[in-house]
Amino acid sequence: MSRGGNLTAVVEDRALSVTEAMTSAKRALETVSAHVIGEVSEFNDKPGYKAAYFTVADDGAAMPCMMWRDAYVASGVDLRCGALVEMHGAFSAYVPKGRMQFMVKRIALAGEGVLRIQVAQLAKKLEAEGLMRPERKRALPTFPIRIAVVTSPRGKAVHDVIRTLRRRFPLAELLVAGIIVEGKSAVTDIVRGLEVAAKASPDVILLVRGGGSYEDLMPFNSEEVARAIVASSVPVVTGIGHEPDTSIADMVSDLRVSTPTAAAEASAPATAELEQRLDKLSRLLGRALQHRLQDAAHRVRHLAQRPVFTDSNVLVGQAAQAIDMASVALRRAIPERLHRDGEQLEYVRKMLSTVGPRVLERAGDKVAISAARLGDLSPLAILDRGYAVCYESDGRTVVRSVEQVKAGDRVRVRVSDGRVESVVDSTEKETK
Amino acid sequence: MSGNELPLPGEMAFGEALKELEGIVAALEGGQLELEESLSRYERGVALLQALQGKLSDAQQKVTSLLGELEPEGDEE
């Protein structure tokens, strides 16, 4: 050791035991208090331990730390690797192992570390409410005609969206809700932007921004923005470029993609796809009409084969039945008519019965006289008086001349009570 | 169905026209329409189809500002 040193051991110039040396070092270290910030690189918190042991490091150094369990639990900090912590404490040494350590009296999360923890806690809370469940997420419209984009009106993101949609689906009207995406007013601005966008009744809302630091993206990790997305009447697509981090907005949105360009692509079909769809509709339209016409033709053919057209009785049968019905009605109607006519007939009959006999009596007299005369004229009556009639052999032709017969001919002679069949002996013509 | 009651396909929003066209195809496929109705729906469908295809090929992007002023691209850099 050099001269002028002021350590006790050097002054006393005697050899110290290791314990003495370490104890001396420990005392010296405990005079050095410090306020330190660093990232937790190792963490060891076994339930049985009296203290939490961890290492805090930066690029140039590592510092073993310990914190009594009671104090650690009281701090409310949930340490994990990667967390940025701010600590107050003093150096010390663990004499039995000769190990230097920082005794932490107070600890708190710092910077991004704090943010990440807060975000993780909010995520856990919203997840517990079911806001991240896949079944809560709405399907995007297939053919959006109005697309709203909520983002900064300046910068790359909004133009990425405009350019992508111009190329992919120029038919969609693009509504831009320009807002502030960073800083203190960003949260209220984003919420307002979402509300204004939804009020314009677009088919889909794109909530996008370009990449930035984790802190820059904090408005997208706010509970207010998350709840505004959930409450939106229009499906929301998020494209918040900060891979690999996922913001709370991403977690609760209906669709999450990594960039503004991807959000634009996801929100609208390519025109080519739409043209294909129209082609398909065109085919379906034609086919549907064709089917309808075929169906109509089939029905007409089917009808043509129905009995009404193939069996005349089916059609006429109904008329025939109508006729039958009419005839029944007629039959019922006719006696009535007759009854009426009957009265007239009865009158006529009475007339006849009174007038008729008188007419008939006179007629009867006339008939009796005529019959008597008829008797006089009858040839039979003449035969009664002794005359005879001679017929030729045929029995019909009356012989009025000798020239009608010759000797040997048979003749029939009719007398009043019968016939005399005779043969001509001879004929003699008298000269007048 | 009288043509007077229906908006002209060319004057309809794309989404409406597409929806109507899809409705017509569905109705025709359903086969419940009168033949005359089928024919008039078909004609309407063809008109819608032509209007839609025309819109797609003629589409010009329209950008409307709801909030804030949109700055031309490249200004910020």
# chains A, B, ... in the order shown; residues from 1 in each chain; ligands from 1
>>> closest_atom_pairs(of="chain B", to="chain A", cutoff="7 Å", atoms="only C-alpha atoms", output="Markdown table")
| residue | atom | partner | partner_atom | distance |
| --- | --- | --- | --- | --- |
| B:Gly15 | CA | A:Ile145 | CA | 6.5 |
| B:Val25 | CA | A:Leu285 | CA | 5.3 |
| B:Leu28 | CA | A:Ala288 | CA | 5.4 |
| B:Glu29 | CA | A:Ala288 | CA | 5.0 |
| B:Gly31 | CA | A:Arg292 | CA | 6.0 |
| B:Ser38 | CA | A:Leu289 | CA | 6.8 |
| B:Tyr42 | CA | A:Leu289 | CA | 6.7 |
| B:Leu49 | CA | A:Ser282 | CA | 7.0 |
| B:Leu56 | CA | A:Leu171 | CA | 6.6 |
| B:Ala59 | CA | A:Leu171 | CA | 5.0 |
| B:Gln60 | CA | A:Pro170 | CA | 5.6 |
| B:Gln61 | CA | A:Pro170 | CA | 4.5 |
| B:Lys62 | CA | A:Glu173 | CA | 5.0 |
| B:Val63 | CA | A:Leu174 | CA | 4.7 |
| B:Thr64 | CA | A:Leu175 | CA | 4.8 |
| B:Ser65 | CA | A:Val176 | CA | 4.8 |
| B:Leu66 | CA | A:Ala177 | CA | 4.9 |
| B:Leu67 | CA | A:Ala177 | CA | 4.4 |
| B:Gly68 | CA | A:Gly178 | CA | 4.5 |
| B:Glu69 | CA | A:Pro153 | CA | 6.2 |
| B:Leu70 | CA | A:Pro153 | CA | 4.6 |
| B:Glu71 | CA | A:Arg154 | CA | 5.2 |
| B:Glu73 | CA | A:His159 | CA | 6.3 |
| B:Glu76 | CA | A:Gly155 | CA | 6.0 |
>>> residues_around(residues="stretch 84-98 of chain A", least_positions_apart="6", cutoff="10 Å", atoms="only C-alpha atoms", output="PyMOL selection string")
chain A and resi 18-41+56-57+63-67+77+104-116
>>> write_last_selection(atoms="N, CA and C atoms", output="CSV table (one decimal), in the first residue's frame")
chain,number,residue,atom,x,y,z
A,18,VAL,N,-10.5,-11.7,6.2
A,18,VAL,CA,-11.4,-11.4,5.1
A,18,VAL,C,-12.7,-10.8,5.5
A,19,THR,N,-13.2,-11.3,6.7
A,19,THR,CA,-14.4,-10.8,7.2
A,19,THR,C,-14.3,-9.3,7.5
A,20,GLU,N,-13.1,-9.0,8.2
A,20,GLU,CA,-12.9,-7.6,8.6
A,20,GLU,C,-12.8,-6.7,7.3
A,21,ALA,N,-12.1,-7.3,6.3
A,21,ALA,CA,-11.9,-6.5,5.1
A,21,ALA,C,-13.3,-6.2,4.4
A,22,MET,N,-14.1,-7.3,4.3
A,22,MET,CA,-15.4,-7.1,3.7
A,22,MET,C,-16.3,-6.2,4.5
A,23,THR,N,-16.3,-6.4,5.8
A,23,THR,CA,-17.1,-5.5,6.7
A,23,THR,C,-16.7,-4.1,6.5
A,24,SER,N,-15.4,-3.9,6.4
A,24,SER,CA,-14.9,-2.5,6.2
A,24,SER,C,-15.4,-2.0,4.9
A,25,ALA,N,-15.4,-2.8,3.9
A,25,ALA,CA,-15.8,-2.4,2.5
A,25,ALA,C,-17.3,-2.1,2.6
A,26,LYS,N,-18.1,-2.9,3.3
A,26,LYS,CA,-19.5,-2.8,3.4
A,26,LYS,C,-19.8,-1.4,4.0
A,27,ARG,N,-19.1,-1.1,5.0
A,27,ARG,CA,-19.4,0.2,5.7
A,27,ARG,C,-19.1,1.4,4.7
A,28,ALA,N,-18.0,1.2,4.0
A,28,ALA,CA,-17.7,2.3,3.1
A,28,ALA,C,-18.8,2.4,2.0
A,29,LEU,N,-19.2,1.3,1.5
A,29,LEU,CA,-20.3,1.3,0.4
A,29,LEU,C,-21.6,1.9,0.9
A,30,GLU,N,-21.9,1.6,2.2
A,30,GLU,CA,-23.2,2.1,2.7
A,30,GLU,C,-23.2,3.6,2.8
A,31,THR,N,-22.1,4.3,2.7
A,31,THR,CA,-22.1,5.7,2.7
A,31,THR,C,-22.5,6.3,1.3
A,32,VAL,N,-22.5,5.4,0.3
A,32,VAL,CA,-22.8,5.9,-1.0
A,32,VAL,C,-24.3,5.7,-1.4
A,33,SER,N,-25.1,6.8,-1.3
A,33,SER,CA,-26.5,6.7,-1.6
A,33,SER,C,-26.6,7.1,-3.1
A,34,ALA,N,-27.7,6.6,-3.8
A,34,ALA,CA,-27.8,6.9,-5.2
A,34,ALA,C,-29.3,6.8,-5.7
A,35,HIS,N,-29.6,7.6,-6.7
A,35,HIS,CA,-30.9,7.6,-7.4
A,35,HIS,C,-30.5,7.1,-8.8
A,36,VAL,N,-31.0,5.9,-9.1
A,36,VAL,CA,-30.5,5.2,-10.3
A,36,VAL,C,-31.7,4.8,-11.2
A,37,ILE,N,-31.5,5.0,-12.5
A,37,ILE,CA,-32.5,4.5,-13.5
A,37,ILE,C,-31.9,3.5,-14.4
A,38,GLY,N,-32.7,2.4,-14.7
A,38,GLY,CA,-32.1,1.4,-15.5
A,38,GLY,C,-33.2,0.3,-15.9
A,39,GLU,N,-32.8,-0.6,-16.8
A,39,GLU,CA,-33.8,-1.6,-17.2
A,39,GLU,C,-33.5,-2.9,-16.4
A,40,VAL,N,-34.5,-3.5,-16.0
A,40,VAL,CA,-34.4,-4.8,-15.3
A,40,VAL,C,-34.0,-5.9,-16.3
A,41,SER,N,-32.8,-6.5,-16.0
A,41,SER,CA,-32.3,-7.5,-16.9
A,41,SER,C,-32.5,-8.9,-16.4
A,56,VAL,N,-30.3,-4.6,-12.5
A,56,VAL,CA,-30.7,-3.5,-13.4
A,56,VAL,C,-29.4,-3.1,-14.2
A,57,ALA,N,-29.6,-2.9,-15.5
A,57,ALA,CA,-28.5,-2.7,-16.4
A,57,ALA,C,-28.7,-1.6,-17.4
A,63,MET,N,-25.9,-3.9,-12.4
A,63,MET,CA,-25.9,-3.6,-11.0
A,63,MET,C,-26.9,-4.6,-10.3
A,64,PRO,N,-26.3,-5.5,-9.4
A,64,PRO,CA,-27.1,-6.4,-8.7
A,64,PRO,C,-27.9,-5.6,-7.6
A,65,CYS,N,-29.2,-5.9,-7.5
A,65,CYS,CA,-30.0,-5.1,-6.6
A,65,CYS,C,-30.8,-6.1,-5.7
A,66,MET,N,-31.1,-5.6,-4.5
A,66,MET,CA,-32.0,-6.4,-3.6
A,66,MET,C,-33.0,-5.4,-2.9
A,67,MET,N,-34.2,-5.9,-2.7
A,67,MET,CA,-35.2,-5.1,-2.0
A,67,MET,C,-35.9,-5.9,-1.0
A,77,VAL,N,-45.1,-2.2,-7.4
A,77,VAL,CA,-44.5,-2.5,-8.7
A,77,VAL,C,-44.4,-4.0,-9.0
A,104,VAL,N,-32.2,-1.4,-2.5
A,104,VAL,CA,-33.3,-0.5,-3.0
A,104,VAL,C,-34.3,-0.2,-1.8
A,105,LYS,N,-34.4,1.1,-1.6
A,105,LYS,CA,-35.4,1.5,-0.6
A,105,LYS,C,-36.7,1.8,-1.2
A,106,ARG,N,-36.7,2.5,-2.4
A,106,ARG,CA,-37.9,2.8,-3.1
A,106,ARG,C,-37.7,2.5,-4.6
A,107,ILE,N,-38.8,2.0,-5.1
A,107,ILE,CA,-38.7,1.7,-6.6
A,107,ILE,C,-40.0,2.1,-7.3
A,108,ALA,N,-39.9,2.5,-8.6
A,108,ALA,CA,-41.1,2.9,-9.4
A,108,ALA,C,-40.7,2.6,-10.8
A,109,LEU,N,-41.7,2.3,-11.6
A,109,LEU,CA,-41.5,2.1,-13.0
A,109,LEU,C,-41.2,3.5,-13.6
A,110,ALA,N,-40.4,3.5,-14.7
A,110,ALA,CA,-40.0,4.7,-15.3
A,110,ALA,C,-40.3,4.7,-16.8
A,111,GLY,N,-40.6,5.9,-17.4
A,111,GLY,CA,-40.6,6.0,-18.8
A,111,GLY,C,-41.5,5.0,-19.5
A,112,GLU,N,-41.0,4.5,-20.7
A,112,GLU,CA,-41.8,3.6,-21.5
A,112,GLU,C,-42.2,2.3,-20.7
A,113,GLY,N,-41.3,2.0,-19.7
A,113,GLY,CA,-41.6,0.8,-18.9
A,113,GLY,C,-43.0,1.0,-18.2
A,114,VAL,N,-43.1,2.3,-17.6
A,114,VAL,CA,-44.4,2.6,-16.9
A,114,VAL,C,-45.5,2.4,-17.9
A,115,LEU,N,-45.3,3.0,-19.1
A,115,LEU,CA,-46.4,3.0,-20.2
A,115,LEU,C,-46.8,1.6,-20.5
A,116,ARG,N,-45.8,0.8,-20.7
A,116,ARG,CA,-46.1,-0.6,-21.1
A,116,ARG,C,-46.9,-1.4,-20.1
>>> residues_around(residues="A:Gly48", least_positions_apart="4", cutoff="12 Å", atoms="only C-alpha atoms", output="VMD selection string")
chain A and resid 44 52 69
>>> write_last_selection(atoms="N, CA, C and O atoms", output="compact mmCIF listing (two decimals), in the first residue's frame")
# COMPACT_ATOMS: atom_id res chain seq x y z
N ASN A 44 -35.55 -12.21 -9.89
CA ASN A 44 -35.67 -13.45 -9.15
C ASN A 44 -36.51 -13.19 -7.90
O ASN A 44 -36.07 -12.50 -7.00
N ALA A 52 -36.52 -9.43 -2.75
CA ALA A 52 -36.55 -9.63 -4.21
C ALA A 52 -35.16 -9.30 -4.72
O ALA A 52 -34.56 -8.30 -4.31
N ARG A 69 -38.62 -7.73 0.97
CA ARG A 69 -39.93 -8.10 0.43
C ARG A 69 -41.04 -7.13 0.84
O ARG A 69 -41.87 -6.72 0.01
>>> atom_distance(atom1="atom CA of A:Arg227", atom2="atom CA of A:Thr164")
28.3 Å
>>> atom_distance(atom1="atom CA of A:Ser267", atom2="atom CA of A:Gly241")
16.3 Å
>>> select_by_dssp(residues="stretch 29-187 of chain A", states="alpha helix (DSSP H)", output="ChimeraX atom specification")
/A:29,69-75,111-128,156-168,186-187
>>> write_last_selection(atoms="N, CA and C atoms", output="short mmCIF file (atom, residue, chain, number, x, y, z; two decimals), in the first residue's frame")
data_model
loop_
_atom_site.label_atom_id
_atom_site.label_comp_id
_atom_site.auth_asym_id
_atom_site.auth_seq_id
_atom_site.Cartn_x
_atom_site.Cartn_y
_atom_site.Cartn_z
N LEU A 29 -19.25 1.26 1.45
CA LEU A 29 -20.27 1.30 0.39
C LEU A 29 -21.56 1.93 0.90
N ARG A 69 -38.62 -7.73 0.97
CA ARG A 69 -39.93 -8.10 0.43
C ARG A 69 -41.04 -7.13 0.84
N ASP A 70 -41.07 -6.75 2.11
CA ASP A 70 -42.15 -5.85 2.58
C ASP A 70 -42.17 -4.56 1.78
N ALA A 71 -40.98 -4.01 1.57
CA ALA A 71 -40.87 -2.73 0.86
C ALA A 71 -41.27 -2.92 -0.61
N TYR A 72 -40.84 -4.06 -1.17
CA TYR A 72 -41.15 -4.33 -2.59
C TYR A 72 -42.66 -4.45 -2.79
N VAL A 73 -43.31 -5.23 -1.94
CA VAL A 73 -44.77 -5.41 -2.06
C VAL A 73 -45.45 -4.06 -1.88
N ALA A 74 -44.97 -3.28 -0.94
CA ALA A 74 -45.59 -1.97 -0.67
C ALA A 74 -45.45 -1.02 -1.86
N SER A 75 -44.46 -1.21 -2.68
CA SER A 75 -44.22 -0.31 -3.81
C SER A 75 -45.28 -0.47 -4.91
N GLY A 111 -40.57 5.89 -17.37
CA GLY A 111 -40.62 6.05 -18.82
C GLY A 111 -41.52 5.03 -19.51
N GLU A 112 -41.04 4.49 -20.67
CA GLU A 112 -41.79 3.55 -21.47
C GLU A 112 -42.19 2.33 -20.66
N GLY A 113 -41.32 2.00 -19.73
CA GLY A 113 -41.62 0.84 -18.88
C GLY A 113 -42.95 1.04 -18.18
N VAL A 114 -43.14 2.26 -17.62
CA VAL A 114 -44.39 2.56 -16.95
C VAL A 114 -45.55 2.42 -17.93
N LEU A 115 -45.33 3.00 -19.13
CA LEU A 115 -46.38 2.99 -20.15
C LEU A 115 -46.77 1.57 -20.50
N ARG A 116 -45.76 0.76 -20.72
CA ARG A 116 -46.06 -0.63 -21.13
C ARG A 116 -46.87 -1.36 -20.06
N ILE A 117 -46.48 -1.12 -18.83
CA ILE A 117 -47.20 -1.79 -17.75
C ILE A 117 -48.66 -1.30 -17.72
N GLN A 118 -48.80 0.03 -17.86
CA GLN A 118 -50.15 0.59 -17.84
C GLN A 118 -50.99 0.03 -18.98
N VAL A 119 -50.36 -0.03 -20.14
CA VAL A 119 -51.06 -0.55 -21.32
C VAL A 119 -51.46 -2.00 -21.10
N ALA A 120 -50.51 -2.75 -20.54
CA ALA A 120 -50.80 -4.17 -20.30
C ALA A 120 -51.96 -4.32 -19.32
N GLN A 121 -51.98 -3.44 -18.31
CA GLN A 121 -53.06 -3.52 -17.32
C GLN A 121 -54.41 -3.15 -17.96
N LEU A 122 -54.40 -2.11 -18.82
CA LEU A 122 -55.64 -1.70 -19.49
C LEU A 122 -56.12 -2.82 -20.43
N ALA A 123 -55.13 -3.40 -21.12
CA ALA A 123 -55.48 -4.50 -22.03
C ALA A 123 -56.16 -5.62 -21.27
N LYS A 124 -55.63 -5.93 -20.10
CA LYS A 124 -56.18 -7.01 -19.28
C LYS A 124 -57.61 -6.67 -18.86
N LYS A 125 -57.80 -5.41 -18.51
CA LYS A 125 -59.11 -4.97 -18.05
C LYS A 125 -60.14 -5.05 -19.19
N LEU A 126 -59.75 -4.54 -20.37
CA LEU A 126 -60.69 -4.53 -21.50
C LEU A 126 -60.95 -5.95 -21.99
N GLU A 127 -59.94 -6.77 -21.90
CA GLU A 127 -60.12 -8.17 -22.32
C GLU A 127 -61.11 -8.86 -21.39
N ALA A 128 -60.98 -8.53 -20.09
CA ALA A 128 -61.90 -9.13 -19.11
C ALA A 128 -63.35 -8.70 -19.41
N LYS A 156 -47.52 11.01 -44.34
CA LYS A 156 -47.52 9.91 -45.28
C LYS A 156 -48.78 9.04 -45.19
N ALA A 157 -49.25 8.84 -43.97
CA ALA A 157 -50.32 7.86 -43.76
C ALA A 157 -51.56 8.16 -44.61
N VAL A 158 -52.05 9.41 -44.53
CA VAL A 158 -53.28 9.74 -45.24
C VAL A 158 -53.09 9.58 -46.75
N HIS A 159 -51.91 9.93 -47.24
CA HIS A 159 -51.67 9.81 -48.68
C HIS A 159 -51.45 8.36 -49.11
N ASP A 160 -50.94 7.55 -48.21
CA ASP A 160 -50.85 6.11 -48.50
C ASP A 160 -52.26 5.55 -48.72
N VAL A 161 -53.18 6.00 -47.87
CA VAL A 161 -54.55 5.52 -47.97
C VAL A 161 -55.19 6.01 -49.27
N ILE A 162 -55.03 7.32 -49.54
CA ILE A 162 -55.63 7.91 -50.75
C ILE A 162 -55.09 7.20 -52.00
N ARG A 163 -53.80 7.03 -52.05
CA ARG A 163 -53.17 6.43 -53.23
C ARG A 163 -53.63 4.98 -53.41
N THR A 164 -53.65 4.25 -52.32
CA THR A 164 -54.03 2.84 -52.40
C THR A 164 -55.47 2.68 -52.88
N LEU A 165 -56.35 3.52 -52.34
CA LEU A 165 -57.75 3.41 -52.74
C LEU A 165 -57.99 3.91 -54.16
N ARG A 166 -57.21 4.90 -54.59
CA ARG A 166 -57.35 5.39 -55.96
C ARG A 166 -57.00 4.27 -56.94
N ARG A 167 -55.96 3.53 -56.59
CA ARG A 167 -55.51 2.44 -57.46
C ARG A 167 -56.47 1.26 -57.38
N ARG A 168 -56.92 0.96 -56.17
CA ARG A 168 -57.65 -0.28 -55.96
C ARG A 168 -59.15 -0.14 -56.17
N ALA A 186 -54.40 14.58 -28.43
CA ALA A 186 -54.62 13.52 -29.42
C ALA A 186 -55.79 12.60 -29.05
N VAL A 187 -55.89 12.24 -27.76
CA VAL A 187 -56.94 11.30 -27.37
C VAL A 187 -58.32 11.87 -27.68
#
>>> select_by_dssp(residues="chain B", states="strand (DSSP E or B)", output="PyMOL selection string")
chain B and resi 62-67
>>> atom_distance(atom1="atom CA of A:Val389", atom2="atom CA of A:Val413")
5.6 Å
>>> closest_residue(among="A:Arg99, A:Arg138, A:Arg277, A:Arg14", to="B:Glu22", atoms="only C-alpha atoms")
A:Arg277
>>> closest_residue(among="B:Leu52, B:Glu5, B:Leu35, B:Arg44", to="B:Gly23", atoms="only C-alpha atoms")
B:Arg44
>>> residues_around(residues="B:Pro9", least_positions_apart="4", cutoff="8 Å", atoms="only C-alpha atoms", output="list in words")
Ala17, Ala47, Leu48 and Ala51 of chain B
